[in-house]
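Structure first, commentary second.
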Amino acid sequence: MTKERFGSLFLLLVGGYALIHSARLPLGNWNQPGPGVFPLLLSLLLSAIGVALLVSSKGGNKFNWKDSLSRQKNTWAIMGLTVGFILGFGRLGFVLTSGLYLFLLFSWICRFRMIIAAPLAAGITAAGWYLFVRILNLQFPPGLWRL
Amino acid sequence: MEAFINLYSGFQDALTLHNLYLCFIGCLWGSMVGVLPGIGPLAGITLLIPATYGMDVTGAIIMLAGIYYGAMYGGSTTSILMNIPGESASVVTCLDGYQMTQRGRAGAALFIAAFGSWVGGTLSVLGVMLLAPVLANLATKFGPSEIFALLLVAFLLLGSLGTGSFLKTSAMIVLGMLAGTVGMDTLTGVYRFTHGIRDLYDGLGFVPVAMGMFGIGEILSATEQSMVREVYRPRLRELLTNGEEFRASIGPILRGSGIGFFVGLLPGAAHILSSFVSYTVEKRVAKRPEEFGHGRIEGVAGPETANNAATGGAMVPFLSLGIPTTPAIAVIMVALLIHGVRPGPLFISENPKLFWSLIASMYLGNIILVALNLPLIGLFVSLLRVPFRILFPVILFICLIGTYSISYSSFDLIILLAFGFLGYFFRKLEYDLAPFVLALIIGPLMEEAFRQSLMRSGGSLSIFWQSPIALSFIVSAVFLLGLNILKSLTSARRKGKEAGSDRS
């Protein structure tokens, strides 16, 4: 499948979802347009653009999904670690979550040895804490041991 | 004359030690984020929004605007020294700037880029000062139908001037507008696309969406590529142009200032477009155009001046109409809204002190930037020496903390990550991201104007062409739409012919 075709199918999918959902909203009438009118018009327009792109996507370059997926290892790993950060931030607090997140990024994705990754993560966490908490006075979840 | 009296009082305010300090911090931070590929003005501004909570609004906007135009100064450094644009607006600078570096003229290229940026920036502030109050005065006569028609023209311009195809850019605009409908409908109180998730009742936050698409999306894309980059380090004594180079740059700098300011008024990729237009013009007027791309100083002077002048141009629709034309300006708008100030037609008349202080600070900021960028070039180059594999975890960390600190919501982090992935996905498919984030913030204004117009007219669509102002916008919109459809059809036909000839 080409990139163009894939993109247009995605647009059609979103357009279809928005169409179904906005049709369920009150549409009102012309002198009192309801909350569903604008999203309905937009979803129709998006679907039309999707169709136009699909029609004009003939003969595009094929996308090498296999090659792309093999290069996406880092992407998925970063996504996974960031999900972990989001889940841990409220429970573990700023220092522990940030330190752990940075350590895993440095050691796992950036392939630093543990002896380098650990002080790097600790240093950046400490600098971040000083900047955000002490200087900018931001409030973060207290987390475990109030860190 | 009145403008100059107001400017004088603006200088009195901007020259206080506190505001000068904030202007300096904004310019320094802006130069740094401009130098570093991966962090743009958008992330730079977002990160410092929480720092403005305790400030007065004048100090806050002076600092945030400093980051915005400071980033344009910094963007040229990586283009010239590494062949990597720090900012998308500096892509064109790579062509001749990097060639100059390879010929041992990096210092001269950096000097002319900074000097041109200063001239372009300063002249464009003069343009903002003279044009914004006039436009704002005109805009006070706008009702909802005029606003709707104006926004329609803005979106069609965005579609035609985007870096991708018209259809793809239009798709991103519509998607952004759809994303803008999420949350409670302000006119009826009905929840749309929330699926019972309480955190969505107020809609999608602009900052997590923009930071996700531009910050996280960029990192996800960049980590697929090589993490090693080579940097050339110029010495201070090399930072001098010879007489011939300086003379050759004067014309491009003056032309770039005009091009940049007027292109900057347009929504979308104005910075990128202004530098491309300036480069094309310089190539066209050059005696030896074949030398462009091989280290001509005009190829650095024109585009670098133009993209800085565009920052001033972009301030005009923002301050006088309340229409942000770039994602970074949209973040400044969010910051102003947090401080209880809404940019729009009444902004200048209701906040004259704020407006004139900002204008004065922009003059001062441009001087600070030249003073910063030339002597400290070594420091900025040192930043580039930090390996990317150390830099990107720090950028990710800053994006996460910066987003969380806007509304202290973990849900915003989920939005950040989701839109980061979406940004990565759209980059892969070669869709332009700026129209999406601009539509997210302008879309709700357009919907409100559309529905209010219909309510006022009792459901008659003729309201959109009854007033001369609305009619002129609608005519422009129809013209732009026709032009774009024609362009798309011609391009499709050409592609079809090429495919046919390839097969035969």
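In the structure tokens, each chain is lettered A, B, ... as it comes, each chain's residues begin at 1, and ligands are numbered from 1 in order of appearance.
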message: At a cut-off of 12 Å, using only C-alpha atoms, what residues contact Thr325 (chain B)? Leave out same-chain residues fewer than 5 positions from it and give the result as a PyMOL selection string.
response: chain B and resi 151+154-155+157-158+161-162+263-271+310-319+330-333+434-439+441-442
Hey, can you spit out that residue selection with C-alpha atoms as a short mmCIF file (atom, residue, chain, number, x, y, z; two decimals), in the first residue's frame?
```
data_model
loop_
_atom_site.label_atom_id
_atom_site.label_comp_id
_atom_site.auth_asym_id
_atom_site.auth_seq_id
_atom_site.Cartn_x
_atom_site.Cartn_y
_atom_site.Cartn_z
CA LEU B 151 -11.24 33.06 8.89
CA ALA B 154 -7.21 32.57 6.36
CA PHE B 155 -7.79 28.83 6.09
CA LEU B 157 -4.52 30.83 2.35
CA LEU B 158 -3.16 28.28 4.79
CA LEU B 161 0.65 28.30 1.15
CA GLY B 162 1.27 25.08 3.10
CA VAL B 263 4.63 37.24 3.72
CA GLY B 264 4.60 37.11 7.53
CA LEU B 265 1.10 38.57 7.52
CA LEU B 266 -0.18 35.37 5.88
CA PRO B 267 -1.21 32.39 7.96
CA GLY B 268 0.69 29.11 7.83
CA ALA B 269 4.28 28.50 6.98
CA ALA B 270 5.07 32.22 6.57
CA HIS B 271 8.62 31.94 7.92
CA ALA B 310 8.24 37.50 9.08
CA THR B 311 8.14 37.30 12.90
CA GLY B 312 7.09 40.96 12.94
CA GLY B 313 4.59 40.41 10.14
CA ALA B 314 3.00 37.51 12.06
CA MET B 315 2.44 39.80 15.05
CA VAL B 316 0.08 42.05 13.03
CA PRO B 317 -2.90 39.66 12.57
CA PHE B 318 -2.27 38.26 16.06
CA LEU B 319 -2.37 41.59 17.89
CA ALA B 330 -0.74 30.46 19.19
CA VAL B 331 1.17 29.42 22.32
CA ILE B 332 1.83 33.09 23.14
CA MET B 333 -1.92 33.62 22.72
CA ALA B 434 1.19 23.45 11.40
CA PRO B 435 -2.29 23.70 9.76
CA PHE B 436 -3.62 21.14 12.27
CA VAL B 437 -2.54 23.05 15.38
CA LEU B 438 -3.58 26.42 13.94
CA ALA B 439 -7.01 25.04 13.05
CA ILE B 441 -7.17 27.16 18.00
CA ILE B 442 -8.93 29.10 15.19
#
```
message: Counting only C-alpha atoms, a student should be able to say which residues of chain A come within 6 Å of chain B; what is the right answer, written as JSON, numbers by chain?
response: {"A": [3, 30, 31, 32, 71, 75, 110, 136]}
- prompt: If you count only C-alpha atoms, which residues fall within 12 Å of Ile297 (chain B), apart from same-chain ones fewer than 3 positions away, as number ranges by chain?
  reply: B: 80, 93-101, 103, 105-113, 116, 241-242, 244-253, 279, 282-283, 286, 291-294, 300-304
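The two atoms in question, CA of Ser407 (chain B) and CA of Ile348 (chain B), are spaced 28.2 Å apart.
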